[in-house]
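The structure appears right after this line, and notes come after that.
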Amino acid sequence: MFLVLGLAAFPMKMYAQYLVELNLPDHDSKAVRFGINVGGNRSHYSFTHHPSFLAQDSVAYIESLNSSGINLSWLVNFNLSEHFDIRTYPLSLIFTEKAFQYRLTHPDRPAGEDSLTIRKLQGITLAFPVQLKFSSDRIANLKVYMMAGGKLEYDLAANAGEKNADKLFKLTPLDYAVEAGIGFHIYFPVFVLTPELKISWGLRNVHSRDPYLKYSSNIDQVYSRTVSISLTVE
């Protein structure tokens, strides 16, 4: 009986072996791997109103708008075991453009205000993330993984320390966040392509509130929220 089963399984094993040729079979066993990451993001601010918002009549409501940006990163991956890796991006630039929309009760039209006024907040951020990645078994030339971690961010375009009166909304440069995501490794003959979806939650209030600025005084705490889709080539 065992001989019959063995003879029956042998052709199936040989068929599976030649059906799909494994690309880069030793790629995941390397202690350290490097890659280039390019992607896009959609981001906005989660915010709370300051108590003074209810006591004024110049701003009827405030809304945070979603805006698009790009990510450019250099990946370093440290292999811990068959299923676990530590990843970091020692050189990571994130370009964003978040915005607040205000409905003004009495707009200053000579100053360029309208009933609906948008204040854009551009960001050029240096980020240093550290992530723990858990990968599935490799199925032919495909592998699925999940990741979670944290990151520090420094916004080079933040304007909290500026005194210029036309800076109507001030942000502090330092932020930290937690993030989680899912991705796929697709193995080609000479490289590995990795699409990834990631969500980031800022944990630090980045608003430097100024009670004398109309667009800043009505907002209390501000936290960043970002969804990223990226491609990594290793």
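Numbering starts fresh at 1 for the residues of each chain in the structure tokens, the chains themselves are lettered A, B, ... in the order given, and ligands are numbered from 1 as they appear.
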Report as a ChimeraX atom specification: the residues of segment 28-229 of chain A with a DSSP assignment of alpha helix (DSSP H), based on the backbone of this structure. /A:214-217
If we count only C-alpha atoms, what is near Phe188 of chain A at a cut-off of 12 Å, once residues fewer than 4 positions away on the same chain are taken out, given as a PDB file with N, CA and C atoms, in the first residue's frame?
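The resulting file, result_37.pdb, is shown below:
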```pdb
ATOM      1  N   VAL A  20       6.602  25.577 -11.391  1.00  0.00           N
ATOM      2  CA  VAL A  20       7.035  26.926 -11.058  1.00  0.00           C
ATOM      3  C   VAL A  20       8.511  26.880 -10.665  1.00  0.00           C
ATOM      4  N   GLU A  21       9.316  27.652 -11.357  1.00  0.00           N
ATOM      5  CA  GLU A  21      10.733  27.746 -11.013  1.00  0.00           C
ATOM      6  C   GLU A  21      10.916  28.821  -9.956  1.00  0.00           C
ATOM      7  N   LEU A  22      11.569  28.473  -8.851  1.00  0.00           N
ATOM      8  CA  LEU A  22      11.767  29.423  -7.763  1.00  0.00           C
ATOM      9  C   LEU A  22      12.825  30.453  -8.156  1.00  0.00           C
ATOM     10  N   ASN A  23      12.460  31.722  -8.059  1.00  0.00           N
ATOM     11  CA  ASN A  23      13.397  32.813  -8.296  1.00  0.00           C
ATOM     12  C   ASN A  23      14.063  33.208  -6.980  1.00  0.00           C
ATOM     13  N   LEU A  24      15.346  33.476  -7.020  1.00  0.00           N
ATOM     14  CA  LEU A  24      16.116  33.923  -5.844  1.00  0.00           C
ATOM     15  C   LEU A  24      15.811  33.072  -4.610  1.00  0.00           C
ATOM     16  N   PRO A  25      16.065  31.778  -4.663  1.00  0.00           N
ATOM     17  CA  PRO A  25      15.684  30.905  -3.541  1.00  0.00           C
ATOM     18  C   PRO A  25      16.387  31.223  -2.227  1.00  0.00           C
ATOM     19  N   HIS A  27      17.255  34.333  -1.214  1.00  0.00           N
ATOM     20  CA  HIS A  27      17.123  35.763  -0.912  1.00  0.00           C
ATOM     21  C   HIS A  27      16.768  36.018   0.548  1.00  0.00           C
ATOM     22  N   ALA A 140       5.640  29.370  -3.880  1.00  0.00           N
ATOM     23  CA  ALA A 140       6.245  29.598  -5.188  1.00  0.00           C
ATOM     24  C   ALA A 140       7.026  30.914  -5.142  1.00  0.00           C
ATOM     25  N   ASN A 141       6.619  31.921  -5.907  1.00  0.00           N
ATOM     26  CA  ASN A 141       7.333  33.199  -5.958  1.00  0.00           C
ATOM     27  C   ASN A 141       6.532  34.322  -5.311  1.00  0.00           C
ATOM     28  N   LEU A 142       5.789  33.974  -4.261  1.00  0.00           N
ATOM     29  CA  LEU A 142       4.965  34.954  -3.558  1.00  0.00           C
ATOM     30  C   LEU A 142       5.026  34.706  -2.061  1.00  0.00           C
ATOM     31  N   VAL A 192      13.383  41.479  -6.046  1.00  0.00           N
ATOM     32  CA  VAL A 192      12.117  41.222  -5.354  1.00  0.00           C
ATOM     33  C   VAL A 192      11.323  42.529  -5.321  1.00  0.00           C
ATOM     34  N   LEU A 193      10.096  42.483  -5.797  1.00  0.00           N
ATOM     35  CA  LEU A 193       9.206  43.647  -5.805  1.00  0.00           C
ATOM     36  C   LEU A 193       8.190  43.503  -4.685  1.00  0.00           C
ATOM     37  N   THR A 194       8.023  44.578  -3.883  1.00  0.00           N
ATOM     38  CA  THR A 194       7.157  44.513  -2.705  1.00  0.00           C
ATOM     39  C   THR A 194       6.154  45.648  -2.698  1.00  0.00           C
ATOM     40  N   VAL A 233      11.941  47.803  -4.105  1.00  0.00           N
ATOM     41  CA  VAL A 233      12.744  46.899  -4.930  1.00  0.00           C
ATOM     42  C   VAL A 233      13.972  46.514  -4.111  1.00  0.00           C
ATOM     43  N   GLU A 234      14.135  45.185  -3.902  1.00  0.00           N
ATOM     44  CA  GLU A 234      15.303  44.682  -3.186  1.00  0.00           C
ATOM     45  C   GLU A 234      16.198  43.927  -4.167  1.00  0.00           C
TER      46      GLU A 234
END
```
Residues at most 8 Å from segment 123-134 of chain A, counting only C-alpha atoms, excluding those fewer than 2 positions away in the same chain, as a PyMOL selection string? chain A and resi 83-98+121+136+145-158
Do a neighbour search on Val144 of chain A at 8 Å with only C-alpha atoms, toss out local chain neighbours closer than 5 positions, and write the hits as a PDB file with C-alpha atoms, in the first residue's frame.
```pdb
ATOM      1  CA  SER A 135       6.090  36.776   7.007  1.00  0.00           C
ATOM      2  CA  SER A 136       4.139  33.741   5.831  1.00  0.00           C
ATOM      3  CA  ASP A 137       5.730  30.705   4.232  1.00  0.00           C
ATOM      4  CA  ARG A 138       6.818  31.293   0.677  1.00  0.00           C
ATOM      5  CA  ILE A 182       0.467  44.536   5.000  1.00  0.00           C
ATOM      6  CA  GLY A 183       2.448  43.671   1.884  1.00  0.00           C
ATOM      7  CA  PHE A 184       3.519  41.051  -0.649  1.00  0.00           C
ATOM      8  CA  HIS A 185       6.959  39.904  -1.779  1.00  0.00           C
TER       9      HIS A 185
END
```
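Within the 9 Å cut-off around Tyr215 of chain A, using only C-alpha atoms and omitting residues fewer than 4 positions from it on the same chain, the listed residues are Val59, Phe100, Tyr102, Arg119, Leu168, Phe169, Asp210 and Ile219 of chain A.
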Name the residues of segment 118-213 of chain A that come out as strand (DSSP E) in a backbone DSSP run; write them as a PyMOL selection string. chain A and resi 118-135+142-155+174-187+192-202
Against segment 44-55 of chain A, which residues of segment 179-219 of chain A fall within 9 Å? For each one I want the closest pair of atoms and the distance in Å (one decimal), counting only C-alpha atoms, rows by chain and increasing residue number, as CSV.
```
residue,atom,partner,partner_atom,distance
A:Asn205,CA,A:Phe47,CA,9.0
A:Ser217,CA,A:His50,CA,7.2
A:Asn218,CA,A:Phe53,CA,4.8
A:Ile219,CA,A:His49,CA,4.5
```
Generate the output file for the selected residues, N, CA and C atoms, as a compact mmCIF listing (two decimals), in the first residue's frame.
```txt
# COMPACT_ATOMS: atom_id res chain seq x y z
N ASN A 205 0.82 65.98 19.75
CA ASN A 205 0.15 67.19 19.30
C ASN A 205 1.18 68.10 18.63
N SER A 217 -6.14 79.96 16.60
CA SER A 217 -6.73 80.07 17.94
C SER A 217 -7.95 79.18 18.13
N ASN A 218 -8.66 78.84 17.05
CA ASN A 218 -9.88 78.04 17.16
C ASN A 218 -9.62 76.54 17.19
N ILE A 219 -8.36 76.14 17.02
CA ILE A 219 -7.99 74.73 17.03
C ILE A 219 -7.11 74.46 18.23
```
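Using only C-alpha atoms for every distance, the candidate list A:Ser73, A:Lys214, A:Leu174, A:Gln221 yields A:Lys214 as the residue closest to Leu104 of chain A.
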Shortest contact to Lys30 of chain A, candidates A:Ser58, A:Ser67, A:Ser43, A:Asn79, atoms counted only C-alpha atoms, goes to A:Asn79
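Across the model, the gap from atom CA of Glu63 of chain A to atom CA of Glu179 of chain A is 24.0 Å.
Between atom CA of Leu80 of chain A and atom CA of Arg33 of chain A the separation is 11.9 Å.
Distances from A:Ile229, A:Ile139, A:Ala60, A:Leu75 to Val32 of chain A were compared using only C-alpha atoms, and the smallest one belongs to A:Leu75.
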Take atom CA of Tyr212 of chain A and atom CA of Ser64 of chain A and report the distance between them in Å, one decimal. 20.8 Å
